[in-house]
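Engineer: Below is the file run.pdb, with PDB, N, CA and C atoms, pLDDT in the B column.
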ATOM      1  N   MET A  25      27.094  18.197 -19.413  1.00 54.00           N
ATOM      2  CA  MET A  25      28.126  17.203 -19.218  1.00 54.00           C
ATOM      3  C   MET A  25      28.145  16.292 -20.433  1.00 54.00           C
ATOM      4  N   ASP A  26      29.332  16.117 -21.020  1.00 58.00           N
ATOM      5  CA  ASP A  26      29.412  15.278 -22.209  1.00 58.00           C
ATOM      6  C   ASP A  26      29.507  13.799 -21.815  1.00 58.00           C
ATOM      7  N   SER A  27      29.283  12.928 -22.799  1.00 63.00           N
ATOM      8  CA  SER A  27      29.237  11.490 -22.520  1.00 63.00           C
ATOM      9  C   SER A  27      30.595  10.927 -22.113  1.00 63.00           C
ATOM     10  N   SER A  28      31.707  11.559 -22.529  1.00 64.00           N
ATOM     11  CA  SER A  28      33.026  11.053 -22.131  1.00 64.00           C
ATOM     12  C   SER A  28      33.267  11.243 -20.637  1.00 64.00           C
ATOM     13  N   ALA A  29      32.719  12.314 -20.073  1.00 65.00           N
ATOM     14  CA  ALA A  29      32.860  12.547 -18.630  1.00 65.00           C
ATOM     15  C   ALA A  29      32.099  11.491 -17.838  1.00 65.00           C
ATOM     16  N   LEU A  30      30.963  11.028 -18.364  1.00 67.00           N
ATOM     17  CA  LEU A  30      30.183  10.006 -17.683  1.00 67.00           C
ATOM     18  C   LEU A  30      30.885   8.653 -17.670  1.00 67.00           C
ATOM     19  N   GLN A  31      31.797   8.440 -18.612  1.00 79.00           N
ATOM     20  CA  GLN A  31      32.476   7.154 -18.701  1.00 79.00           C
ATOM     21  C   GLN A  31      33.880   7.191 -18.116  1.00 79.00           C
ATOM     22  N   SER A  32      34.264   8.295 -17.507  1.00 85.00           N
ATOM     23  CA  SER A  32      35.598   8.389 -16.927  1.00 85.00           C
ATOM     24  C   SER A  32      35.702   7.445 -15.727  1.00 85.00           C
ATOM     25  N   PRO A  33      36.898   6.948 -15.443  1.00 87.00           N
ATOM     26  CA  PRO A  33      37.073   6.042 -14.296  1.00 87.00           C
ATOM     27  C   PRO A  33      36.638   6.669 -12.975  1.00 87.00           C
ATOM     28  N   GLU A  34      36.908   7.965 -12.821  1.00 89.00           N
ATOM     29  CA  GLU A  34      36.506   8.630 -11.580  1.00 89.00           C
ATOM     30  C   GLU A  34      34.987   8.641 -11.427  1.00 89.00           C
ATOM     31  N   MET A  35      34.293   8.927 -12.504  1.00 89.00           N
ATOM     32  CA  MET A  35      32.831   8.972 -12.464  1.00 89.00           C
ATOM     33  C   MET A  35      32.273   7.575 -12.206  1.00 89.00           C
ATOM     34  N   GLN A  36      32.862   6.567 -12.812  1.00 89.00           N
ATOM     35  CA  GLN A  36      32.404   5.198 -12.592  1.00 89.00           C
ATOM     36  C   GLN A  36      32.605   4.786 -11.136  1.00 89.00           C
ATOM     37  N   ARG A  37      33.745   5.160 -10.551  1.00 90.00           N
ATOM     38  CA  ARG A  37      33.994   4.863  -9.135  1.00 90.00           C
ATOM     39  C   ARG A  37      32.965   5.570  -8.255  1.00 90.00           C
ATOM     40  N   PHE A  38      32.712   6.832  -8.557  1.00 91.00           N
ATOM     41  CA  PHE A  38      31.727   7.592  -7.792  1.00 91.00           C
ATOM     42  C   PHE A  38      30.353   6.943  -7.889  1.00 91.00           C
ATOM     43  N   LEU A  39      29.942   6.582  -9.098  1.00 91.00           N
ATOM     44  CA  LEU A  39      28.630   5.958  -9.285  1.00 91.00           C
ATOM     45  C   LEU A  39      28.545   4.624  -8.551  1.00 91.00           C
ATOM     46  N   ASN A  40      29.609   3.833  -8.594  1.00 89.00           N
ATOM     47  CA  ASN A  40      29.624   2.552  -7.881  1.00 89.00           C
ATOM     48  C   ASN A  40      29.527   2.759  -6.376  1.00 89.00           C
ATOM     49  N   GLN A  41      30.234   3.764  -5.861  1.00 92.00           N
ATOM     50  CA  GLN A  41      30.167   4.059  -4.429  1.00 92.00           C
ATOM     51  C   GLN A  41      28.749   4.485  -4.032  1.00 92.00           C
ATOM     52  N   GLU A  42      28.126   5.292  -4.860  1.00 93.00           N
ATOM     53  CA  GLU A  42      26.767   5.743  -4.569  1.00 93.00           C
ATOM     54  C   GLU A  42      25.775   4.581  -4.613  1.00 93.00           C
ATOM     55  N   LYS A  43      25.966   3.669  -5.556  1.00 92.00           N
ATOM     56  CA  LYS A  43      25.106   2.482  -5.631  1.00 92.00           C
ATOM     57  C   LYS A  43      25.272   1.632  -4.375  1.00 92.00           C
ATOM     58  N   GLU A  44      26.518   1.466  -3.933  1.00 89.00           N
ATOM     59  CA  GLU A  44      26.768   0.687  -2.722  1.00 89.00           C
ATOM     60  C   GLU A  44      26.129   1.342  -1.505  1.00 89.00           C
ATOM     61  N   LYS A  45      26.239   2.657  -1.396  1.00 91.00           N
ATOM     62  CA  LYS A  45      25.601   3.373  -0.279  1.00 91.00           C
ATOM     63  C   LYS A  45      24.091   3.168  -0.310  1.00 91.00           C
ATOM     64  N   ALA A  46      23.514   3.267  -1.486  1.00 93.00           N
ATOM     65  CA  ALA A  46      22.066   3.091  -1.616  1.00 93.00           C
ATOM     66  C   ALA A  46      21.652   1.673  -1.225  1.00 93.00           C
ATOM     67  N   MET A  47      22.448   0.685  -1.609  1.00 87.00           N
ATOM     68  CA  MET A  47      22.145  -0.699  -1.251  1.00 87.00           C
ATOM     69  C   MET A  47      22.224  -0.902   0.259  1.00 87.00           C
ATOM     70  N   VAL A  48      23.237  -0.332   0.895  1.00 86.00           N
ATOM     71  CA  VAL A  48      23.377  -0.448   2.346  1.00 86.00           C
ATOM     72  C   VAL A  48      22.195   0.225   3.038  1.00 86.00           C
ATOM     73  N   ASN A  49      21.838   1.417   2.589  1.00 90.00           N
ATOM     74  CA  ASN A  49      20.694   2.127   3.179  1.00 90.00           C
ATOM     75  C   ASN A  49      19.407   1.323   3.023  1.00 90.00           C
ATOM     76  N   GLU A  50      19.224   0.724   1.861  1.00 91.00           N
ATOM     77  CA  GLU A  50      18.029  -0.081   1.617  1.00 91.00           C
ATOM     78  C   GLU A  50      18.017  -1.309   2.521  1.00 91.00           C
ATOM     79  N   MET A  51      19.172  -1.945   2.689  1.00 86.00           N
ATOM     80  CA  MET A  51      19.252  -3.132   3.530  1.00 86.00           C
ATOM     81  C   MET A  51      18.964  -2.777   4.992  1.00 86.00           C
ATOM     82  N   VAL A  52      19.510  -1.671   5.469  1.00 88.00           N
ATOM     83  CA  VAL A  52      19.266  -1.247   6.850  1.00 88.00           C
ATOM     84  C   VAL A  52      17.784  -0.934   7.052  1.00 88.00           C
ATOM     85  N   ALA A  53      17.174  -0.257   6.104  1.00 92.00           N
ATOM     86  CA  ALA A  53      15.751   0.067   6.215  1.00 92.00           C
ATOM     87  C   ALA A  53      14.900  -1.204   6.245  1.00 92.00           C
ATOM     88  N   LYS A  54      15.230  -2.146   5.381  1.00 90.00           N
ATOM     89  CA  LYS A  54      14.467  -3.392   5.333  1.00 90.00           C
ATOM     90  C   LYS A  54      14.672  -4.191   6.614  1.00 90.00           C
ATOM     91  N   LEU A  55      15.919  -4.271   7.078  1.00 89.00           N
ATOM     92  CA  LEU A  55      16.226  -4.968   8.320  1.00 89.00           C
ATOM     93  C   LEU A  55      15.452  -4.346   9.472  1.00 89.00           C
ATOM     94  N   THR A  56      15.443  -3.039   9.552  1.00 90.00           N
ATOM     95  CA  THR A  56      14.730  -2.336  10.619  1.00 90.00           C
ATOM     96  C   THR A  56      13.242  -2.662  10.586  1.00 90.00           C
ATOM     97  N   ASN A  57      12.637  -2.600   9.416  1.00 93.00           N
ATOM     98  CA  ASN A  57      11.207  -2.891   9.298  1.00 93.00           C
ATOM     99  C   ASN A  57      10.884  -4.327   9.667  1.00 93.00           C
ATOM    100  N   VAL A  58      11.644  -5.275   9.131  1.00 92.00           N
ATOM    101  CA  VAL A  58      11.384  -6.691   9.379  1.00 92.00           C
ATOM    102  C   VAL A  58      11.547  -7.013  10.859  1.00 92.00           C
ATOM    103  N   CYS A  59      12.662  -6.611  11.436  1.00 94.00           N
ATOM    104  CA  CYS A  59      12.937  -6.952  12.829  1.00 94.00           C
ATOM    105  C   CYS A  59      12.006  -6.207  13.783  1.00 94.00           C
ATOM    106  N   TRP A  60      11.672  -4.969  13.481  1.00 93.00           N
ATOM    107  CA  TRP A  60      10.749  -4.215  14.334  1.00 93.00           C
ATOM    108  C   TRP A  60       9.391  -4.924  14.361  1.00 93.00           C
ATOM    109  N   ASP A  61       8.877  -5.270  13.190  1.00 93.00           N
ATOM    110  CA  ASP A  61       7.573  -5.928  13.115  1.00 93.00           C
ATOM    111  C   ASP A  61       7.586  -7.277  13.826  1.00 93.00           C
ATOM    112  N   LYS A  62       8.691  -7.980  13.774  1.00 93.00           N
ATOM    113  CA  LYS A  62       8.795  -9.304  14.382  1.00 93.00           C
ATOM    114  C   LYS A  62       8.960  -9.220  15.895  1.00 93.00           C
ATOM    115  N   CYS A  63       9.737  -8.266  16.381  1.00 94.00           N
ATOM    116  CA  CYS A  63      10.164  -8.272  17.778  1.00 94.00           C
ATOM    117  C   CYS A  63       9.417  -7.315  18.696  1.00 94.00           C
ATOM    118  N   ILE A  64       8.900  -6.238  18.177  1.00 91.00           N
ATOM    119  CA  ILE A  64       8.236  -5.244  19.025  1.00 91.00           C
ATOM    120  C   ILE A  64       6.741  -5.478  18.911  1.00 91.00           C
ATOM    121  N   THR A  65       6.190  -6.129  19.931  1.00 84.00           N
ATOM    122  CA  THR A  65       4.791  -6.551  19.865  1.00 84.00           C
ATOM    123  C   THR A  65       3.852  -5.637  20.646  1.00 84.00           C
ATOM    124  N   SER A  66       4.411  -4.748  21.437  1.00 84.00           N
ATOM    125  CA  SER A  66       3.572  -3.815  22.186  1.00 84.00           C
ATOM    126  C   SER A  66       4.098  -2.399  21.955  1.00 84.00           C
ATOM    127  N   THR A  67       3.439  -1.437  22.526  1.00 85.00           N
ATOM    128  CA  THR A  67       3.888  -0.057  22.399  1.00 85.00           C
ATOM    129  C   THR A  67       5.218   0.094  23.136  1.00 85.00           C
ATOM    130  N   PRO A  68       6.256   0.527  22.420  1.00 79.00           N
ATOM    131  CA  PRO A  68       7.564   0.625  23.077  1.00 79.00           C
ATOM    132  C   PRO A  68       7.594   1.751  24.106  1.00 79.00           C
ATOM    133  N   GLY A  69       8.326   1.510  25.192  1.00 84.00           N
ATOM    134  CA  GLY A  69       8.506   2.520  26.222  1.00 84.00           C
ATOM    135  C   GLY A  69       9.798   3.269  25.969  1.00 84.00           C
ATOM    136  N   SER A  70      10.424   3.712  27.032  1.00 89.00           N
ATOM    137  CA  SER A  70      11.663   4.474  26.893  1.00 89.00           C
ATOM    138  C   SER A  70      12.849   3.581  26.562  1.00 89.00           C
ATOM    139  N   LYS A  71      12.716   2.268  26.813  1.00 90.00           N
ATOM    140  CA  LYS A  71      13.757   1.317  26.407  1.00 90.00           C
ATOM    141  C   LYS A  71      13.113  -0.030  26.121  1.00 90.00           C
ATOM    142  N   PHE A  72      13.842  -0.864  25.390  1.00 91.00           N
ATOM    143  CA  PHE A  72      13.332  -2.177  25.028  1.00 91.00           C
ATOM    144  C   PHE A  72      13.442  -3.122  26.220  1.00 91.00           C
ATOM    145  N   SER A  73      12.523  -4.083  26.268  1.00 91.00           N
ATOM    146  CA  SER A  73      12.635  -5.128  27.279  1.00 91.00           C
ATOM    147  C   SER A  73      13.801  -6.037  26.895  1.00 91.00           C
ATOM    148  N   SER A  74      14.227  -6.878  27.822  1.00 93.00           N
ATOM    149  CA  SER A  74      15.348  -7.773  27.524  1.00 93.00           C
ATOM    150  C   SER A  74      14.989  -8.746  26.409  1.00 93.00           C
ATOM    151  N   SER A  75      13.742  -9.209  26.380  1.00 94.00           N
ATOM    152  CA  SER A  75      13.346 -10.138  25.315  1.00 94.00           C
ATOM    153  C   SER A  75      13.286  -9.423  23.964  1.00 94.00           C
ATOM    154  N   GLU A  76      12.836  -8.170  23.952  1.00 94.00           N
ATOM    155  CA  GLU A  76      12.821  -7.415  22.694  1.00 94.00           C
ATOM    156  C   GLU A  76      14.241  -7.158  22.205  1.00 94.00           C
ATOM    157  N   SER A  77      15.140  -6.794  23.121  1.00 94.00           N
ATOM    158  CA  SER A  77      16.540  -6.555  22.741  1.00 94.00           C
ATOM    159  C   SER A  77      17.177  -7.809  22.170  1.00 94.00           C
ATOM    160  N   ALA A  78      16.942  -8.942  22.826  1.00 96.00           N
ATOM    161  CA  ALA A  78      17.504 -10.209  22.342  1.00 96.00           C
ATOM    162  C   ALA A  78      16.924 -10.563  20.977  1.00 96.00           C
ATOM    163  N   CYS A  79      15.618 -10.382  20.825  1.00 96.00           N
ATOM    164  CA  CYS A  79      14.968 -10.672  19.548  1.00 96.00           C
ATOM    165  C   CYS A  79      15.524  -9.787  18.435  1.00 96.00           C
ATOM    166  N   LEU A  80      15.650  -8.486  18.708  1.00 94.00           N
ATOM    167  CA  LEU A  80      16.184  -7.565  17.700  1.00 94.00           C
ATOM    168  C   LEU A  80      17.602  -7.944  17.308  1.00 94.00           C
ATOM    169  N   SER A  81      18.419  -8.278  18.291  1.00 95.00           N
ATOM    170  CA  SER A  81      19.801  -8.655  18.012  1.00 95.00           C
ATOM    171  C   SER A  81      19.861  -9.930  17.167  1.00 95.00           C
ATOM    172  N   ASN A  82      19.098 -10.942  17.559  1.00 96.00           N
ATOM    173  CA  ASN A  82      19.085 -12.203  16.802  1.00 96.00           C
ATOM    174  C   ASN A  82      18.516 -12.012  15.404  1.00 96.00           C
ATOM    175  N   CYS A  83      17.460 -11.242  15.297  1.00 95.00           N
ATOM    176  CA  CYS A  83      16.843 -10.994  13.997  1.00 95.00           C
ATOM    177  C   CYS A  83      17.822 -10.291  13.055  1.00 95.00           C
ATOM    178  N   ALA A  84      18.481  -9.260  13.557  1.00 92.00           N
ATOM    179  CA  ALA A  84      19.436  -8.520  12.730  1.00 92.00           C
ATOM    180  C   ALA A  84      20.588  -9.424  12.296  1.00 92.00           C
ATOM    181  N   GLN A  85      21.088 -10.250  13.217  1.00 94.00           N
ATOM    182  CA  GLN A  85      22.201 -11.146  12.873  1.00 94.00           C
ATOM    183  C   GLN A  85      21.781 -12.158  11.813  1.00 94.00           C
ATOM    184  N   ARG A  86      20.606 -12.749  11.968  1.00 93.00           N
ATOM    185  CA  ARG A  86      20.117 -13.710  10.958  1.00 93.00           C
ATOM    186  C   ARG A  86      19.919 -13.034   9.611  1.00 93.00           C
ATOM    187  N   TYR A  87      19.380 -11.815   9.627  1.00 89.00           N
ATOM    188  CA  TYR A  87      19.148 -11.081   8.381  1.00 89.00           C
ATOM    189  C   TYR A  87      20.478 -10.809   7.670  1.00 89.00           C
ATOM    190  N   LEU A  88      21.471 -10.362   8.424  1.00 87.00           N
ATOM    191  CA  LEU A  88      22.777 -10.079   7.831  1.00 87.00           C
ATOM    192  C   LEU A  88      23.443 -11.358   7.332  1.00 87.00           C
ATOM    193  N   ASP A  89      23.337 -12.436   8.099  1.00 92.00           N
ATOM    194  CA  ASP A  89      23.904 -13.717   7.669  1.00 92.00           C
ATOM    195  C   ASP A  89      23.279 -14.173   6.350  1.00 92.00           C
ATOM    196  N   MET A  90      21.950 -14.086   6.261  1.00 90.00           N
ATOM    197  CA  MET A  90      21.273 -14.497   5.023  1.00 90.00           C
ATOM    198  C   MET A  90      21.647 -13.588   3.862  1.00 90.00           C
ATOM    199  N   SER A  91      21.780 -12.308   4.113  1.00 85.00           N
ATOM    200  CA  SER A  91      22.180 -11.387   3.050  1.00 85.00           C
ATOM    201  C   SER A  91      23.563 -11.749   2.521  1.00 85.00           C
ATOM    202  N   MET A  92      24.478 -12.090   3.420  1.00 88.00           N
ATOM    203  CA  MET A  92      25.834 -12.477   2.994  1.00 88.00           C
ATOM    204  C   MET A  92      25.796 -13.771   2.183  1.00 88.00           C
ATOM    205  N   ILE A  93      24.999 -14.737   2.608  1.00 91.00           N
ATOM    206  CA  ILE A  93      24.878 -15.997   1.873  1.00 91.00           C
ATOM    207  C   ILE A  93      24.353 -15.731   0.467  1.00 91.00           C
ATOM    208  N   ILE A  94      23.332 -14.901   0.371  1.00 88.00           N
ATOM    209  CA  ILE A  94      22.745 -14.588  -0.934  1.00 88.00           C
ATOM    210  C   ILE A  94      23.755 -13.863  -1.820  1.00 88.00           C
ATOM    211  N   MET A  95      24.477 -12.881  -1.252  1.00 85.00           N
ATOM    212  CA  MET A  95      25.474 -12.152  -2.051  1.00 85.00           C
ATOM    213  C   MET A  95      26.574 -13.088  -2.547  1.00 85.00           C
ATOM    214  N   LYS A  96      27.043 -13.978  -1.694  1.00 88.00           N
ATOM    215  CA  LYS A  96      28.097 -14.918  -2.093  1.00 88.00           C
ATOM    216  C   LYS A  96      27.592 -15.855  -3.189  1.00 88.00           C
ATOM    217  N   ARG A  97      26.334 -16.250  -3.086  1.00 88.00           N
ATOM    218  CA  ARG A  97      25.763 -17.131  -4.090  1.00 88.00           C
ATOM    219  C   ARG A  97      25.710 -16.424  -5.439  1.00 88.00           C
ATOM    220  N   PHE A  98      25.286 -15.143  -5.450  1.00 83.00           N
ATOM    221  CA  PHE A  98      25.235 -14.376  -6.698  1.00 83.00           C
ATOM    222  C   PHE A  98      26.630 -14.166  -7.272  1.00 83.00           C
ATOM    223  N   GLN A  99      27.620 -13.917  -6.414  1.00 85.00           N
ATOM    224  CA  GLN A  99      28.982 -13.680  -6.879  1.00 85.00           C
ATOM    225  C   GLN A  99      29.590 -14.933  -7.497  1.00 85.00           C
ATOM    226  N   SER A 100      29.190 -16.104  -7.019  1.00 85.00           N
ATOM    227  CA  SER A 100      29.765 -17.347  -7.528  1.00 85.00           C
ATOM    228  C   SER A 100      29.162 -17.762  -8.861  1.00 85.00           C
ATOM    229  N   GLN A 101      28.060 -17.157  -9.263  1.00 78.00           N
ATOM    230  CA  GLN A 101      27.408 -17.545 -10.523  1.00 78.00           C
ATOM    231  C   GLN A 101      28.042 -16.855 -11.699  1.00 78.00           C
TER     232      GLN A 101
END
Could you rewrite the structure in this file as structure tokens?
Structural biologist:
Amino acid sequence: MDSSALQSPEMQRFLNQEKEKAMVNEMVAKLTNVCWDKCITSTPGSKFSSSESACLSNCAQRYLDMSMIIMKRFQSQ
């Protein structure tokens, strides 16, 4: 593949889309690890307890809210 193909608009769009997918996957993995460690304190059964479900939901929402705040802060700089 020559260097002009790497700089084509289509290739740049593809690379940007792949970077975005990787960032989303990384964020989901990190969110899962953080919230699991915080909220699941015993060996999980076939379903989460109501307190675990509430904790997971709140943890995920706070994590996403903070991620949005951080992204907006970086975009404004």
Engineer: Give me the residues within 8 Å of Cys83 of chain A as a PyMOL selection string, counting all atoms listed in the file and dropping any in the same chain fewer than 3 places off.
Structural biologist: chain A and resi 55+58-60+63+77-80+86-89
Engineer: By how many Å are atom C of Lys54 of chain A and atom C of Glu76 of chain A apart?
Structural biologist: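 One can read the atom C of Lys54 of chain A to atom C of Glu76 of chain A distance as 15.9 Å.
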Engineer: To one decimal place, how far is atom N of Ser75 of chain A from atom CA of Asp61 of chain A in Å?
Structural biologist: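 Result for atom N of Ser75 of chain A versus atom CA of Asp61 of chain A: 15.0 Å, one decimal.
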Engineer: From a DSSP pass on the backbone, collect the residues of chain A flagged as helix (DSSP H, G or I) and hand them back as a ChimeraX atom specification.
Structural biologist: /A:27-30,33-63,74-100
Engineer: Between atom N of Ser100 of chain A and atom CA of Asn57 of chain A, what is the distance, to one decimal in Å?
Structural biologist: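 Between these atoms lies a distance of 27.6 Å.
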Engineer: Considering only C-alpha atoms, can you say which of A:Lys96, A:Pro33, A:Met90, A:Gln101 comes closest to Met51 of chain A?
Structural biologist: A:Met90
Engineer: Please complete segment 43-66 of chain A so it has N, CA, C and O atoms, and hand it over as a PDB file, in the coordinates of the input.
Structural biologist:
ATOM      1  N   LYS A  43      25.966   3.669  -5.556  1.00 92.00           N
ATOM      2  CA  LYS A  43      25.106   2.482  -5.631  1.00 92.00           C
ATOM      3  C   LYS A  43      25.272   1.632  -4.375  1.00 92.00           C
ATOM      4  O   LYS A  43      24.287   1.134  -3.828  1.00 92.00           O
ATOM      5  N   GLU A  44      26.518   1.466  -3.933  1.00 89.00           N
ATOM      6  CA  GLU A  44      26.768   0.687  -2.722  1.00 89.00           C
ATOM      7  C   GLU A  44      26.129   1.342  -1.505  1.00 89.00           C
ATOM      8  O   GLU A  44      25.530   0.658  -0.666  1.00 89.00           O
ATOM      9  N   LYS A  45      26.239   2.657  -1.396  1.00 91.00           N
ATOM     10  CA  LYS A  45      25.601   3.373  -0.279  1.00 91.00           C
ATOM     11  C   LYS A  45      24.091   3.168  -0.310  1.00 91.00           C
ATOM     12  O   LYS A  45      23.462   2.948   0.733  1.00 91.00           O
ATOM     13  N   ALA A  46      23.514   3.267  -1.486  1.00 93.00           N
ATOM     14  CA  ALA A  46      22.066   3.091  -1.616  1.00 93.00           C
ATOM     15  C   ALA A  46      21.652   1.673  -1.225  1.00 93.00           C
ATOM     16  O   ALA A  46      20.631   1.486  -0.552  1.00 93.00           O
ATOM     17  N   MET A  47      22.448   0.685  -1.609  1.00 87.00           N
ATOM     18  CA  MET A  47      22.145  -0.699  -1.251  1.00 87.00           C
ATOM     19  C   MET A  47      22.224  -0.902   0.259  1.00 87.00           C
ATOM     20  O   MET A  47      21.374  -1.580   0.841  1.00 87.00           O
ATOM     21  N   VAL A  48      23.237  -0.332   0.895  1.00 86.00           N
ATOM     22  CA  VAL A  48      23.377  -0.448   2.346  1.00 86.00           C
ATOM     23  C   VAL A  48      22.195   0.225   3.038  1.00 86.00           C
ATOM     24  O   VAL A  48      21.600  -0.345   3.966  1.00 86.00           O
ATOM     25  N   ASN A  49      21.838   1.417   2.589  1.00 90.00           N
ATOM     26  CA  ASN A  49      20.694   2.127   3.179  1.00 90.00           C
ATOM     27  C   ASN A  49      19.407   1.323   3.023  1.00 90.00           C
ATOM     28  O   ASN A  49      18.593   1.247   3.951  1.00 90.00           O
ATOM     29  N   GLU A  50      19.224   0.724   1.861  1.00 91.00           N
ATOM     30  CA  GLU A  50      18.029  -0.081   1.617  1.00 91.00           C
ATOM     31  C   GLU A  50      18.017  -1.309   2.521  1.00 91.00           C
ATOM     32  O   GLU A  50      16.978  -1.668   3.089  1.00 91.00           O
ATOM     33  N   MET A  51      19.172  -1.945   2.689  1.00 86.00           N
ATOM     34  CA  MET A  51      19.252  -3.132   3.530  1.00 86.00           C
ATOM     35  C   MET A  51      18.964  -2.777   4.992  1.00 86.00           C
ATOM     36  O   MET A  51      18.243  -3.492   5.685  1.00 86.00           O
ATOM     37  N   VAL A  52      19.510  -1.671   5.469  1.00 88.00           N
ATOM     38  CA  VAL A  52      19.266  -1.247   6.850  1.00 88.00           C
ATOM     39  C   VAL A  52      17.784  -0.934   7.052  1.00 88.00           C
ATOM     40  O   VAL A  52      17.195  -1.327   8.073  1.00 88.00           O
ATOM     41  N   ALA A  53      17.174  -0.257   6.104  1.00 92.00           N
ATOM     42  CA  ALA A  53      15.751   0.067   6.215  1.00 92.00           C
ATOM     43  C   ALA A  53      14.900  -1.204   6.245  1.00 92.00           C
ATOM     44  O   ALA A  53      13.977  -1.331   7.066  1.00 92.00           O
ATOM     45  N   LYS A  54      15.230  -2.146   5.381  1.00 90.00           N
ATOM     46  CA  LYS A  54      14.467  -3.392   5.333  1.00 90.00           C
ATOM     47  C   LYS A  54      14.672  -4.191   6.614  1.00 90.00           C
ATOM     48  O   LYS A  54      13.710  -4.713   7.191  1.00 90.00           O
ATOM     49  N   LEU A  55      15.919  -4.271   7.078  1.00 89.00           N
ATOM     50  CA  LEU A  55      16.226  -4.968   8.320  1.00 89.00           C
ATOM     51  C   LEU A  55      15.452  -4.346   9.472  1.00 89.00           C
ATOM     52  O   LEU A  55      14.854  -5.052  10.291  1.00 89.00           O
ATOM     53  N   THR A  56      15.443  -3.039   9.552  1.00 90.00           N
ATOM     54  CA  THR A  56      14.730  -2.336  10.619  1.00 90.00           C
ATOM     55  C   THR A  56      13.242  -2.662  10.586  1.00 90.00           C
ATOM     56  O   THR A  56      12.646  -2.994  11.625  1.00 90.00           O
ATOM     57  N   ASN A  57      12.637  -2.600   9.416  1.00 93.00           N
ATOM     58  CA  ASN A  57      11.207  -2.891   9.298  1.00 93.00           C
ATOM     59  C   ASN A  57      10.884  -4.327   9.667  1.00 93.00           C
ATOM     60  O   ASN A  57       9.950  -4.591  10.428  1.00 93.00           O
ATOM     61  N   VAL A  58      11.644  -5.275   9.131  1.00 92.00           N
ATOM     62  CA  VAL A  58      11.384  -6.691   9.379  1.00 92.00           C
ATOM     63  C   VAL A  58      11.547  -7.013  10.859  1.00 92.00           C
ATOM     64  O   VAL A  58      10.673  -7.618  11.486  1.00 92.00           O
ATOM     65  N   CYS A  59      12.662  -6.611  11.436  1.00 94.00           N
ATOM     66  CA  CYS A  59      12.937  -6.952  12.829  1.00 94.00           C
ATOM     67  C   CYS A  59      12.006  -6.207  13.783  1.00 94.00           C
ATOM     68  O   CYS A  59      11.588  -6.764  14.799  1.00 94.00           O
ATOM     69  N   TRP A  60      11.672  -4.969  13.481  1.00 93.00           N
ATOM     70  CA  TRP A  60      10.749  -4.215  14.334  1.00 93.00           C
ATOM     71  C   TRP A  60       9.391  -4.924  14.361  1.00 93.00           C
ATOM     72  O   TRP A  60       8.829  -5.168  15.426  1.00 93.00           O
ATOM     73  N   ASP A  61       8.877  -5.270  13.190  1.00 93.00           N
ATOM     74  CA  ASP A  61       7.573  -5.928  13.115  1.00 93.00           C
ATOM     75  C   ASP A  61       7.586  -7.277  13.826  1.00 93.00           C
ATOM     76  O   ASP A  61       6.594  -7.666  14.433  1.00 93.00           O
ATOM     77  N   LYS A  62       8.691  -7.980  13.774  1.00 93.00           N
ATOM     78  CA  LYS A  62       8.795  -9.304  14.382  1.00 93.00           C
ATOM     79  C   LYS A  62       8.960  -9.220  15.895  1.00 93.00           C
ATOM     80  O   LYS A  62       8.392 -10.027  16.622  1.00 93.00           O
ATOM     81  N   CYS A  63       9.737  -8.266  16.381  1.00 94.00           N
ATOM     82  CA  CYS A  63      10.164  -8.272  17.778  1.00 94.00           C
ATOM     83  C   CYS A  63       9.417  -7.315  18.696  1.00 94.00           C
ATOM     84  O   CYS A  63       9.340  -7.557  19.898  1.00 94.00           O
ATOM     85  N   ILE A  64       8.900  -6.238  18.177  1.00 91.00           N
ATOM     86  CA  ILE A  64       8.236  -5.244  19.025  1.00 91.00           C
ATOM     87  C   ILE A  64       6.741  -5.478  18.911  1.00 91.00           C
ATOM     88  O   ILE A  64       6.107  -5.111  17.923  1.00 91.00           O
ATOM     89  N   THR A  65       6.190  -6.129  19.931  1.00 84.00           N
ATOM     90  CA  THR A  65       4.791  -6.551  19.865  1.00 84.00           C
ATOM     91  C   THR A  65       3.852  -5.637  20.646  1.00 84.00           C
ATOM     92  O   THR A  65       2.645  -5.764  20.535  1.00 84.00           O
ATOM     93  N   SER A  66       4.411  -4.748  21.437  1.00 84.00           N
ATOM     94  CA  SER A  66       3.572  -3.815  22.186  1.00 84.00           C
ATOM     95  C   SER A  66       4.098  -2.399  21.955  1.00 84.00           C
ATOM     96  O   SER A  66       5.103  -2.202  21.277  1.00 84.00           O
TER      97      SER A  66
END
